[in-house]
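To be precise, the following lines are query.cif, and they hold mmCIF, C-alpha atoms.
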data_model
loop_
_atom_site.label_atom_id
_atom_site.label_comp_id
_atom_site.auth_asym_id
_atom_site.auth_seq_id
_atom_site.Cartn_x
_atom_site.Cartn_y
_atom_site.Cartn_z
CA MET S 1 -44.09 38.75 -62.91
CA VAL S 2 -42.75 35.86 -60.89
CA THR S 3 -46.22 34.33 -60.66
CA ALA S 4 -46.03 33.46 -64.34
CA LEU S 5 -43.24 30.99 -63.63
CA ALA S 6 -43.48 27.45 -64.93
CA ARG S 7 -44.10 25.23 -61.92
CA THR S 8 -43.04 21.84 -63.19
CA GLY S 9 -39.64 20.69 -64.31
CA THR S 10 -38.06 23.85 -62.91
CA ARG S 11 -34.95 23.53 -60.79
CA PHE S 12 -35.60 25.24 -57.48
CA THR S 13 -31.95 26.25 -57.06
CA GLU S 14 -32.00 28.25 -60.29
CA LEU S 15 -34.64 30.58 -58.87
CA SER S 16 -34.05 33.78 -56.93
CA ALA S 17 -35.41 34.02 -53.40
CA ARG S 18 -38.44 35.95 -54.65
CA GLU S 19 -39.13 33.38 -57.35
CA ARG S 20 -38.70 30.53 -54.85
CA ALA S 21 -41.26 32.04 -52.49
CA SER S 22 -43.69 32.55 -55.33
CA ALA S 23 -43.16 29.07 -56.73
CA LEU S 24 -43.84 27.43 -53.35
CA LEU S 25 -47.12 29.21 -52.67
CA ASP S 26 -50.43 28.27 -54.32
CA LEU S 27 -50.51 29.68 -57.83
CA GLY S 28 -51.37 33.37 -57.94
CA THR S 29 -51.45 33.89 -54.16
CA PHE S 30 -47.94 35.36 -53.74
CA ARG S 31 -47.81 38.88 -52.39
CA GLU S 32 -44.73 40.47 -50.94
CA LEU S 33 -44.58 42.48 -47.73
CA ILE S 34 -41.92 45.21 -47.36
CA GLY S 35 -40.99 44.70 -51.01
CA PRO S 36 -38.09 46.21 -52.97
CA PHE S 37 -39.76 49.59 -53.48
CA GLU S 38 -40.01 50.11 -49.71
CA ARG S 39 -36.21 50.35 -49.97
CA LEU S 40 -35.68 48.91 -46.51
CA GLU S 41 -31.98 48.38 -47.03
CA SER S 42 -29.15 47.94 -44.58
CA PRO S 43 -27.74 51.26 -43.30
CA HIS S 44 -24.44 49.52 -42.40
CA LEU S 45 -23.19 48.32 -45.78
CA GLN S 46 -22.58 51.47 -47.81
CA PRO S 47 -20.40 53.06 -45.07
CA GLN S 48 -18.32 49.85 -45.28
CA ASP S 49 -18.02 50.11 -49.05
CA VAL S 50 -20.52 47.35 -49.79
CA VAL S 51 -23.38 47.87 -52.27
CA PRO S 52 -26.69 47.30 -50.45
CA ALA S 53 -29.79 45.56 -51.85
CA CYS S 54 -33.19 47.22 -51.75
CA ASP S 55 -34.72 44.25 -49.86
CA ASP S 56 -31.59 43.54 -47.80
CA GLY S 57 -31.61 40.02 -49.19
CA VAL S 58 -34.75 38.70 -47.50
CA VAL S 59 -38.16 38.29 -49.12
CA VAL S 60 -41.22 38.23 -46.86
CA ALA S 61 -44.15 36.75 -48.77
CA ARG S 62 -47.72 36.01 -47.83
CA GLY S 63 -49.93 33.63 -49.74
CA ASP S 64 -51.53 30.23 -49.39
CA LEU S 65 -50.35 26.64 -49.08
CA ASP S 66 -53.13 24.19 -49.96
CA GLY S 67 -55.57 27.04 -49.41
CA GLN S 68 -54.28 27.71 -45.89
CA GLU S 69 -52.67 31.04 -45.05
CA ALA S 70 -48.88 30.97 -45.17
CA VAL S 71 -45.86 33.19 -44.77
CA VAL S 72 -42.61 32.44 -46.59
CA LEU S 73 -39.32 33.97 -45.48
CA ALA S 74 -36.82 33.51 -48.27
CA VAL S 75 -33.15 34.40 -47.91
CA GLU S 76 -31.39 35.41 -51.14
CA GLY S 77 -28.17 33.42 -51.09
CA LEU S 78 -26.62 35.39 -53.93
CA PHE S 79 -26.61 38.67 -51.96
CA GLN S 80 -23.73 38.71 -49.46
CA GLY S 81 -23.87 34.93 -49.13
CA GLY S 82 -27.31 35.18 -47.59
CA GLY S 83 -25.78 36.79 -44.51
CA ILE S 84 -28.29 37.98 -41.93
CA GLY S 85 -27.96 41.62 -40.94
CA GLU S 86 -29.98 43.99 -38.79
CA VAL S 87 -32.65 44.70 -41.41
CA SER S 88 -32.92 41.30 -43.08
CA GLY S 89 -32.96 39.66 -39.64
CA ALA S 90 -35.62 42.06 -38.38
CA LYS S 91 -37.77 41.28 -41.42
CA MET S 92 -37.63 37.58 -40.55
CA ALA S 93 -38.01 38.01 -36.77
CA GLY S 94 -40.83 40.52 -37.19
CA ALA S 95 -42.74 38.27 -39.57
CA LEU S 96 -42.34 35.29 -37.21
CA GLU S 97 -43.44 37.36 -34.21
CA LEU S 98 -46.56 38.55 -36.04
CA THR S 99 -47.27 34.97 -37.08
CA LEU S 100 -46.94 33.97 -33.42
CA ARG S 101 -49.34 36.71 -32.37
CA ASP S 102 -51.83 35.49 -34.97
CA ALA S 103 -51.43 31.90 -33.76
CA GLU S 104 -52.02 32.92 -30.15
CA ARG S 105 -55.32 34.46 -31.30
CA GLY S 106 -56.29 31.27 -33.08
CA ARG S 107 -55.37 32.34 -36.61
CA ILE S 108 -52.92 29.81 -37.97
CA VAL S 109 -50.51 31.02 -40.65
CA ARG S 110 -48.07 28.40 -41.94
CA PRO S 111 -44.45 29.57 -41.64
CA VAL S 112 -41.81 28.44 -44.16
CA LEU S 113 -38.14 29.48 -44.08
CA LEU S 114 -36.02 29.17 -47.21
CA LEU S 115 -32.53 29.05 -45.78
CA GLU S 116 -29.66 29.89 -48.12
CA THR S 117 -27.32 31.61 -45.75
CA GLY S 118 -23.83 31.62 -44.35
CA GLY S 119 -25.29 32.84 -41.06
CA ILE S 120 -24.68 36.25 -39.58
CA ARG S 121 -23.49 38.98 -41.94
CA LEU S 122 -20.02 39.82 -40.68
CA GLN S 123 -20.31 43.55 -41.49
CA GLU S 124 -23.16 43.83 -39.00
CA ALA S 125 -21.77 41.49 -36.34
CA ASN S 126 -23.68 42.04 -33.10
CA LEU S 127 -26.79 43.43 -34.75
CA GLY S 128 -26.96 40.30 -36.89
CA LEU S 129 -26.43 38.12 -33.82
CA LEU S 130 -29.23 39.91 -32.01
CA SER S 131 -31.69 39.49 -34.85
CA VAL S 132 -30.81 35.81 -35.28
CA ALA S 133 -31.48 35.32 -31.55
CA GLU S 134 -34.88 36.96 -32.05
CA ILE S 135 -35.58 34.63 -34.98
CA HIS S 136 -34.72 31.61 -32.80
CA ALA S 137 -36.92 32.76 -29.93
CA ALA S 138 -39.88 33.40 -32.22
CA MET S 139 -39.47 30.01 -33.90
CA VAL S 140 -39.48 28.12 -30.61
CA ALA S 141 -42.61 29.94 -29.44
CA LEU S 142 -44.35 29.55 -32.79
CA ARG S 143 -43.70 25.85 -33.33
CA SER S 144 -45.94 24.87 -30.42
CA HIS S 145 -48.86 26.27 -32.47
CA VAL S 146 -47.97 25.30 -36.01
CA PRO S 147 -45.09 23.40 -37.63
CA VAL S 148 -42.23 25.66 -38.71
CA VAL S 149 -40.84 24.25 -41.95
CA GLY S 150 -37.32 24.94 -43.23
CA VAL S 151 -35.99 24.30 -46.73
CA VAL S 152 -32.27 23.98 -47.46
CA ALA S 153 -32.16 23.47 -51.21
CA GLY S 154 -28.76 24.93 -52.15
CA MET S 155 -26.57 26.15 -53.62
CA VAL S 156 -25.33 28.24 -50.70
CA GLY S 157 -26.42 25.90 -47.92
CA CYS S 158 -27.28 26.86 -44.37
CA PHE S 159 -24.63 27.65 -41.77
CA GLY S 160 -23.86 29.51 -38.57
CA GLY S 161 -26.67 30.93 -36.49
CA MET S 162 -29.12 30.11 -39.25
CA ALA S 163 -28.11 26.44 -39.08
CA ILE S 164 -29.35 26.64 -35.50
CA ALA S 165 -32.59 28.05 -36.93
CA ALA S 166 -32.77 25.01 -39.20
CA GLY S 167 -32.22 22.84 -36.13
CA LEU S 168 -35.16 24.53 -34.43
CA CYS S 169 -37.51 23.84 -37.34
CA SER S 170 -40.28 21.28 -36.88
CA TYR S 171 -39.33 19.81 -40.25
CA VAL S 172 -36.41 20.35 -42.60
CA VAL S 173 -36.62 19.66 -46.33
CA MET S 174 -33.33 19.24 -48.19
CA THR S 175 -32.02 18.37 -51.62
CA ARG S 176 -28.82 16.45 -52.34
CA GLU S 177 -27.23 19.76 -53.28
CA GLY S 178 -28.16 21.38 -49.97
CA ARG S 179 -25.67 21.54 -47.12
CA LEU S 180 -26.41 22.11 -43.46
CA GLY S 181 -23.83 22.63 -40.72
CA LEU S 182 -22.89 24.98 -37.92
CA ASN S 183 -19.50 25.84 -39.41
CA GLY S 184 -19.06 25.83 -43.16
CA PRO S 185 -16.24 23.76 -44.67
CA GLN S 186 -14.14 26.81 -45.55
CA VAL S 187 -14.37 28.10 -41.99
CA ILE S 188 -13.33 24.72 -40.60
CA GLU S 189 -10.37 24.53 -42.98
CA GLN S 190 -9.34 28.07 -42.10
CA GLU S 191 -9.58 27.53 -38.35
CA ALA S 192 -8.46 23.92 -37.96
CA GLY S 193 -6.29 23.37 -41.01
CA VAL S 194 -6.63 21.44 -44.24
CA ALA S 195 -5.72 18.20 -42.46
CA GLU S 196 -8.95 18.51 -40.47
CA LEU S 197 -11.12 19.21 -43.50
CA ASP S 198 -10.25 19.95 -47.10
CA SER S 199 -13.06 22.27 -48.17
CA GLU S 200 -12.23 21.58 -51.84
CA ASP S 201 -12.95 17.88 -51.35
CA ARG S 202 -16.53 18.00 -52.55
CA PRO S 203 -17.41 14.32 -52.00
CA LEU S 204 -16.13 14.55 -48.41
CA VAL S 205 -17.98 17.81 -47.75
CA TRP S 206 -21.29 16.49 -49.06
CA GLU S 207 -20.80 13.13 -47.35
CA THR S 208 -20.45 15.08 -44.09
CA ILE S 209 -23.05 17.85 -44.30
CA GLY S 210 -24.99 17.25 -47.54
CA GLY S 211 -28.71 16.65 -47.74
CA GLN S 212 -28.44 12.90 -48.22
CA GLN S 213 -26.31 12.48 -45.09
CA ARG S 214 -28.49 14.85 -43.07
CA ALA S 215 -31.62 12.93 -44.02
CA ALA S 216 -29.99 9.54 -43.35
CA THR S 217 -28.95 10.63 -39.85
CA GLY S 218 -32.29 12.20 -39.00
CA MET S 219 -31.17 15.83 -39.11
CA ALA S 220 -33.44 16.48 -42.08
CA ASP S 221 -36.90 15.00 -42.57
CA ALA S 222 -37.29 14.90 -46.34
CA LEU S 223 -34.77 14.48 -49.13
CA VAL S 224 -36.21 15.61 -52.45
CA GLU S 225 -35.09 16.40 -55.97
CA ASP S 226 -34.01 19.93 -56.84
CA ASP S 227 -37.38 20.56 -58.43
CA VAL S 228 -40.07 23.14 -57.70
CA THR S 229 -42.90 20.61 -57.63
CA ALA S 230 -41.01 18.17 -55.41
CA ILE S 231 -40.07 20.83 -52.86
CA ALA S 232 -43.53 22.41 -52.89
CA GLY S 233 -45.00 18.95 -52.27
CA ALA S 234 -42.62 18.16 -49.41
CA VAL S 235 -43.43 21.46 -47.68
CA ARG S 236 -47.16 20.75 -47.94
CA SER S 237 -46.67 17.19 -46.62
CA ALA S 238 -44.82 18.58 -43.60
CA PHE S 239 -47.80 20.75 -42.67
CA ASP S 240 -50.16 17.82 -43.30
CA ALA S 241 -48.12 15.79 -40.79
CA GLY S 242 -48.87 18.35 -38.07
CA PRO S 243 -46.51 19.18 -35.21
CA PRO S 244 -43.95 16.46 -34.35
CA ALA S 245 -44.48 14.55 -31.10
CA GLU S 246 -41.21 16.02 -29.87
CA HIS S 247 -39.10 18.59 -31.68
CA ARG S 248 -35.58 17.53 -32.65
CA SER S 249 -34.01 20.32 -30.62
CA ALA S 250 -35.99 19.30 -27.52
CA GLN S 251 -34.53 15.77 -27.56
CA VAL S 252 -31.49 16.69 -25.51
CA GLU S 253 -30.91 13.30 -23.85
CA ARG S 254 -31.25 11.43 -27.13
CA TYR S 255 -28.63 13.55 -28.82
CA GLU S 256 -26.33 13.55 -25.80
CA ALA S 257 -26.45 9.75 -25.90
CA ARG S 258 -25.72 9.81 -29.61
CA LEU S 259 -22.74 12.11 -29.13
CA ALA S 260 -21.47 9.85 -26.35
CA GLN S 261 -21.34 6.98 -28.87
CA ILE S 262 -18.66 8.76 -30.86
CA ASP S 263 -15.00 7.98 -30.27
CA THR S 264 -13.27 11.27 -31.06
CA LEU S 265 -9.83 9.58 -31.21
CA ASP S 266 -10.91 7.94 -34.46
CA GLN S 267 -11.57 9.99 -37.58
CA LEU S 268 -15.26 9.52 -38.20
CA ASP S 269 -16.51 9.55 -41.78
CA GLY S 270 -19.93 9.95 -43.30
CA PRO S 271 -20.83 6.25 -43.69
CA ALA S 272 -19.65 5.47 -40.13
CA LEU S 273 -21.79 8.26 -38.68
CA ARG S 274 -24.70 7.03 -40.75
CA ALA S 275 -24.36 3.56 -39.26
CA LEU S 276 -24.07 5.01 -35.77
CA TRP S 277 -26.88 7.56 -36.07
CA ARG S 278 -29.23 5.73 -38.41
CA ASP S 279 -32.46 7.67 -38.26
CA ASP S 280 -34.77 5.71 -35.99
CA GLY S 281 -37.51 8.30 -36.16
CA GLY S 282 -36.75 9.25 -32.58
CA GLY S 283 -40.41 9.16 -31.64
CA ARG S 284 -41.10 12.08 -33.91
CA MET F 1 -17.94 51.06 -54.13
CA GLU F 2 -18.91 54.14 -56.11
CA THR F 3 -22.13 56.11 -56.59
CA LEU F 4 -22.86 57.66 -60.00
CA THR F 5 -25.83 59.71 -61.13
CA PHE F 6 -27.11 60.43 -64.63
CA ASP F 7 -29.91 62.51 -66.00
CA TYR F 8 -31.58 62.44 -69.44
CA PRO F 9 -34.37 64.41 -71.12
CA ALA F 10 -37.47 62.27 -71.64
CA SER F 11 -41.06 62.75 -72.75
CA ARG F 12 -42.81 59.37 -72.36
CA PRO F 13 -43.78 58.52 -68.78
CA VAL F 14 -43.41 54.85 -67.81
CA SER F 15 -46.71 53.23 -66.90
CA GLY F 16 -45.64 50.97 -64.05
CA ARG F 17 -42.69 49.97 -61.97
CA ALA F 18 -40.42 46.96 -62.05
CA HIS F 19 -37.73 45.29 -59.99
CA VAL F 20 -35.41 42.79 -61.68
CA GLY F 21 -32.14 41.09 -60.84
CA VAL F 22 -30.18 40.37 -57.67
CA VAL F 23 -27.18 42.15 -56.14
CA GLY F 24 -25.04 39.03 -56.57
CA SER F 25 -21.73 38.28 -58.24
CA SER F 26 -21.66 39.68 -61.83
CA ASP F 27 -25.30 40.68 -61.56
CA LEU F 28 -27.26 43.75 -60.53
CA GLU F 29 -30.72 44.80 -59.47
CA VAL F 30 -32.69 47.46 -61.30
CA LEU F 31 -35.60 49.35 -59.76
CA LEU F 32 -37.56 51.30 -62.35
CA GLU F 33 -40.52 53.55 -61.59
CA PRO F 34 -42.23 56.63 -62.99
CA SER F 35 -40.22 59.83 -62.81
CA PRO F 36 -41.70 62.87 -60.97
CA ASP F 37 -40.82 65.10 -63.98
CA ASP F 38 -40.11 64.85 -67.70
CA ARG F 39 -36.62 63.52 -67.25
CA ALA F 40 -34.95 60.20 -66.61
CA HIS F 41 -32.99 60.01 -63.37
CA VAL F 42 -30.49 57.23 -62.80
CA ARG F 43 -28.53 56.41 -59.68
CA VAL F 44 -25.92 53.69 -59.87
CA ARG F 45 -24.20 52.16 -56.88
CA THR F 46 -21.51 49.80 -58.05
CA SER F 47 -18.92 47.64 -56.32
CA ALA F 48 -16.45 48.23 -59.18
CA GLU F 49 -14.79 51.63 -59.01
CA GLY F 50 -13.48 53.62 -61.97
CA PHE F 51 -16.00 52.53 -64.60
CA GLY F 52 -17.93 55.80 -64.82
CA GLU F 53 -17.30 56.17 -68.55
CA VAL F 54 -18.54 52.67 -69.27
CA TRP F 55 -21.73 53.29 -67.27
CA GLU F 56 -22.21 56.56 -69.14
CA ALA F 57 -21.84 54.82 -72.50
CA VAL F 58 -24.28 52.02 -71.59
CA LEU F 59 -26.88 54.42 -70.18
CA ASP F 60 -26.46 56.99 -73.01
CA ARG F 61 -27.18 54.25 -75.53
CA PHE F 62 -30.13 52.89 -73.53
CA PHE F 63 -31.85 56.26 -73.14
CA ALA F 64 -31.11 57.23 -76.75
CA ARG F 65 -33.13 54.19 -77.78
CA ASN F 66 -35.74 54.35 -75.03
CA ASP F 67 -37.53 57.62 -74.38
CA LEU F 68 -38.58 56.91 -70.79
CA ALA F 69 -39.35 59.39 -68.03
CA ALA F 70 -38.28 56.97 -65.33
CA THR F 71 -36.43 56.99 -62.05
CA VAL F 72 -33.95 54.15 -62.20
CA GLU F 73 -31.93 52.81 -59.30
CA ILE F 74 -29.18 50.32 -59.97
CA ASN F 75 -27.36 48.30 -57.31
CA ASP F 76 -24.51 46.58 -59.08
CA SER F 77 -22.19 43.80 -58.08
CA GLY F 78 -19.77 43.89 -60.99
CA ALA F 79 -22.07 43.10 -63.92
CA THR F 80 -20.70 43.38 -67.46
CA PRO F 81 -22.11 46.11 -69.76
CA GLY F 82 -24.04 43.39 -71.63
CA THR F 83 -25.73 42.19 -68.45
CA VAL F 84 -26.57 45.77 -67.49
CA ALA F 85 -28.20 46.41 -70.88
CA LEU F 86 -30.22 43.18 -70.65
CA ARG F 87 -31.43 43.94 -67.11
CA LEU F 88 -32.49 47.45 -68.17
CA ALA F 89 -34.43 46.02 -71.11
CA GLN F 90 -36.01 43.42 -68.80
CA ALA F 91 -37.06 46.14 -66.35
CA VAL F 92 -38.73 48.16 -69.11
CA GLU F 93 -40.55 45.08 -70.37
CA GLU F 94 -41.80 44.15 -66.90
CA SER F 95 -42.92 47.71 -66.17
CA ARG F 96 -45.38 47.40 -69.07
CA TRP F 97 -47.21 44.40 -67.56
#
Will you turn the file into structure tokens for me?
Amino acid sequence: MVTALARTGTRFTELSARERASALLDLGTFRELIGPFERLESPHLQPQDVVPACDDGVVVARGDLDGQEAVVLAVEGLFQGGGIGEVSGAKMAGALELTLRDAERGRIVRPVLLLETGGIRLQEANLGLLSVAEIHAAMVALRSHVPVVGVVAGMVGCFGGMAIAAGLCSYVVMTREGRLGLNGPQVIEQEAGVAELDSEDRPLVWETIGGQQRAATGMADALVEDDVTAIAGAVRSAFDAGPPAEHRSAQVERYEARLAQIDTLDQLDGPALRALWRDDGGGR
Amino acid sequence: METLTFDYPASRPVSGRAHVGVVGSSDLEVLLEPSPDDRAHVRVRTSAEGFGEVWEAVLDRFFARNDLAATVEINDSGATPGTVALRLAQAVEESRW
């Protein structure tokens, strides 16, 4: 069983989504909802010649964090690049909506999203888009009751519509290996050419969208080692901190002003952006 | 992708169920649970087409060594025969917990 996992000295990124969810929760409290034997798989993949997974690549787990009720939504990055389809998206949106309903009735359940995802699953296009929109809406409603905490540990990273979900989180925990960006490097290279971004240039990619850069520019709140104990601790600290004074995604004027500082005629690099956007806390 | 089914005589019912592995590159997931009758039923869905004989050889060997009345579902993303054998053994071990 995953609950028997060693909890110290274990690299978080070596764990499956199910193991990650279990490792984050208080020892022995993990229980999965709509687990593999429910066989709630995508109906859209097999007709398109793609082998489905019995959980559609998302694990919904209940358990405790510091003795408080929690729900962990873990995306399995190894299945279809963590792409969000109709079923996997509905599992996440449904869990968040139920958590919201609980919160509205005064029962606080701590929501954690483990985001290893390229965004919407291309085989399910509009249905994926729709479910990601539902996830966003539920997150925004929920975060006024309880912090919504996202973790981008790697190795897939978090992109597309799910990067927007990361942006909507109350707090984002990252590792150096984690990457967070609307368009992934390969997509940028494909669309804008290798002169715009060489996706094989790993130092450049991580300097642009890696965890260290995201934390330094205030787009992530905690930068931790790729270690189960470190990540579990950072998630608990985020809930201890309570809701931020103002959510990142609500600070429209602040980010508009920041964008206005950038001269797009010059090629901006990671260190220059860091100097320009040094995290000032932003009143959060 | 390709769907394959196999059937083996069996006399020992499995006690529990188990889910191991991930449908990710060169890996597979195995769902193992008690069979409704005294046979083993296997369904394989694999991304790699044309390997029916290899699957048959791996599964023949596994069920020759393990008398298990189990329903086994495999979702495969191009795992090698060695990985398949290890995942099956892991599933059997976990079903005993």
Do you have the atom CA of S:Leu197-atom CA of S:Gly160 distance handy?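 Between atom CA of S:Leu197 and atom CA of S:Gly160 the gap works out to 17.1 Å.
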Per residue of chain S within 8 Å of chain F, which atom pair is closest and at what distance in Å (one decimal), using all atoms listed in the file, listed by chain and increasing number, as a Markdown table?
| residue | atom | partner | partner_atom | distance |
| --- | --- | --- | --- | --- |
| S:Met1 | CA | F:Glu94 | CA | 7.1 |
| S:Ser16 | CA | F:Val22 | CA | 7.7 |
| S:Pro36 | CA | F:His19 | CA | 7.1 |
| S:Phe37 | CA | F:Leu31 | CA | 7.5 |
| S:Gln46 | CA | F:Met1 | CA | 7.9 |
| S:Asp49 | CA | F:Met1 | CA | 5.2 |
| S:Val50 | CA | F:Met1 | CA | 6.3 |
| S:Val51 | CA | F:Ser47 | CA | 6.0 |
| S:Pro52 | CA | F:Asn75 | CA | 7.0 |
| S:Ala53 | CA | F:Val23 | CA | 6.1 |
| S:Leu78 | CA | F:Gly24 | CA | 4.8 |
| S:Phe79 | CA | F:Gly24 | CA | 4.9 |
| S:Gln80 | CA | F:Gly24 | CA | 7.2 |
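Nearest residue to F:Val54, choosing from F:Ser26, F:Ala79, F:Arg87, F:Pro13 and counting all atoms listed in the file: F:Ala79.
For the set S:Glu86, S:Glu32, S:Asp66, S:Glu200, the residue with the smallest atom-to-atom gap to S:Leu130 is S:Glu86, counting all atoms listed in the file.
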Would you kindly translate the PyMOL selection byres ((chain S and resi 81) around 10) into the concrete residues it picks from this file, as a VMD selection string? (chain S and resid 57 75 to 80 82 to 84 116 to 121 156 to 158) or (chain F and resid 24 to 25)
Residues matched by the PyMOL selection byres ((chain S and resi 180) around 12), written as a VMD selection string: chain S and resid 115 to 119 150 to 167 172 to 179 181 to 185 205 to 215 219 to 220
Could you write out as lines of an AutoDock Vina configuration file the box around stretch 46-50 of chain S (axis-aligned, all atoms listed in the file, 5 Å on each side), with centre and edge lengths in Å to one decimal?
center_x = -20.3
center_y = 50.2
center_z = -47.4
size_x = 14.6
size_y = 15.7
size_z = 14.7
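Coordinates place atom CA of S:Phe30 at a distance of 25.9 Å from atom CA of F:Thr71.
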Can you translate the PyMOL selection byres ((chain S and resi 112) around 12) into the concrete residues it hits in this file, as a PDB file with C-alpha atoms, in the coordinates of the input?
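This went into part12.pdb:
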ATOM      1  CA  ARG S  20     -38.700  30.530 -54.850  1.00  0.00           C
ATOM      2  CA  ALA S  21     -41.260  32.040 -52.490  1.00  0.00           C
ATOM      3  CA  LEU S  24     -43.840  27.430 -53.350  1.00  0.00           C
ATOM      4  CA  LEU S  25     -47.120  29.210 -52.670  1.00  0.00           C
ATOM      5  CA  VAL S  59     -38.160  38.290 -49.120  1.00  0.00           C
ATOM      6  CA  VAL S  60     -41.220  38.230 -46.860  1.00  0.00           C
ATOM      7  CA  ALA S  61     -44.150  36.750 -48.770  1.00  0.00           C
ATOM      8  CA  ARG S  62     -47.720  36.010 -47.830  1.00  0.00           C
ATOM      9  CA  GLY S  63     -49.930  33.630 -49.740  1.00  0.00           C
ATOM     10  CA  ASP S  64     -51.530  30.230 -49.390  1.00  0.00           C
ATOM     11  CA  LEU S  65     -50.350  26.640 -49.080  1.00  0.00           C
ATOM     12  CA  GLU S  69     -52.670  31.040 -45.050  1.00  0.00           C
ATOM     13  CA  ALA S  70     -48.880  30.970 -45.170  1.00  0.00           C
ATOM     14  CA  VAL S  71     -45.860  33.190 -44.770  1.00  0.00           C
ATOM     15  CA  VAL S  72     -42.610  32.440 -46.590  1.00  0.00           C
ATOM     16  CA  LEU S  73     -39.320  33.970 -45.480  1.00  0.00           C
ATOM     17  CA  ALA S  74     -36.820  33.510 -48.270  1.00  0.00           C
ATOM     18  CA  VAL S  75     -33.150  34.400 -47.910  1.00  0.00           C
ATOM     19  CA  MET S  92     -37.630  37.580 -40.550  1.00  0.00           C
ATOM     20  CA  ALA S  95     -42.740  38.270 -39.570  1.00  0.00           C
ATOM     21  CA  LEU S  96     -42.340  35.290 -37.210  1.00  0.00           C
ATOM     22  CA  THR S  99     -47.270  34.970 -37.080  1.00  0.00           C
ATOM     23  CA  VAL S 109     -50.510  31.020 -40.650  1.00  0.00           C
ATOM     24  CA  ARG S 110     -48.070  28.400 -41.940  1.00  0.00           C
ATOM     25  CA  PRO S 111     -44.450  29.570 -41.640  1.00  0.00           C
ATOM     26  CA  LEU S 113     -38.140  29.480 -44.080  1.00  0.00           C
ATOM     27  CA  LEU S 114     -36.020  29.170 -47.210  1.00  0.00           C
ATOM     28  CA  LEU S 115     -32.530  29.050 -45.780  1.00  0.00           C
ATOM     29  CA  MET S 139     -39.470  30.010 -33.900  1.00  0.00           C
ATOM     30  CA  LEU S 142     -44.350  29.550 -32.790  1.00  0.00           C
ATOM     31  CA  ARG S 143     -43.700  25.850 -33.330  1.00  0.00           C
ATOM     32  CA  VAL S 146     -47.970  25.300 -36.010  1.00  0.00           C
ATOM     33  CA  PRO S 147     -45.090  23.400 -37.630  1.00  0.00           C
ATOM     34  CA  VAL S 148     -42.230  25.660 -38.710  1.00  0.00           C
ATOM     35  CA  VAL S 149     -40.840  24.250 -41.950  1.00  0.00           C
ATOM     36  CA  GLY S 150     -37.320  24.940 -43.230  1.00  0.00           C
ATOM     37  CA  VAL S 151     -35.990  24.300 -46.730  1.00  0.00           C
ATOM     38  CA  VAL S 152     -32.270  23.980 -47.460  1.00  0.00           C
ATOM     39  CA  ALA S 165     -32.590  28.050 -36.930  1.00  0.00           C
ATOM     40  CA  ALA S 166     -32.770  25.010 -39.200  1.00  0.00           C
ATOM     41  CA  CYS S 169     -37.510  23.840 -37.340  1.00  0.00           C
ATOM     42  CA  SER S 170     -40.280  21.280 -36.880  1.00  0.00           C
ATOM     43  CA  TYR S 171     -39.330  19.810 -40.250  1.00  0.00           C
ATOM     44  CA  VAL S 172     -36.410  20.350 -42.600  1.00  0.00           C
ATOM     45  CA  VAL S 173     -36.620  19.660 -46.330  1.00  0.00           C
ATOM     46  CA  ILE S 231     -40.070  20.830 -52.860  1.00  0.00           C
ATOM     47  CA  ALA S 232     -43.530  22.410 -52.890  1.00  0.00           C
ATOM     48  CA  ALA S 234     -42.620  18.160 -49.410  1.00  0.00           C
ATOM     49  CA  VAL S 235     -43.430  21.460 -47.680  1.00  0.00           C
ATOM     50  CA  ARG S 236     -47.160  20.750 -47.940  1.00  0.00           C
ATOM     51  CA  ALA S 238     -44.820  18.580 -43.600  1.00  0.00           C
ATOM     52  CA  PHE S 239     -47.800  20.750 -42.670  1.00  0.00           C
TER      53      PHE S 239
END
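Coordinates place atom CA of S:Gly85 at a distance of 16.7 Å from atom CA of S:Ala137.
Among the candidate residues F:Leu86, F:Val92, F:Ala70, F:Val14, the one lying nearest to F:Ala40 is F:Ala70, with distances computed using all atoms listed in the file.
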Of the candidates S:Val87, S:Leu33, S:Ala272, S:Val252, which one gets nearest to S:Asp56 if we count all atoms listed in the file?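 The closest residue to S:Asp56 is S:Val87.
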Residues within 10 Å of (-31.1, 64.0, -67.2), counting all atoms listed in the file, listed as number ranges by chain: F: 5-10, 38-42, 63, 69
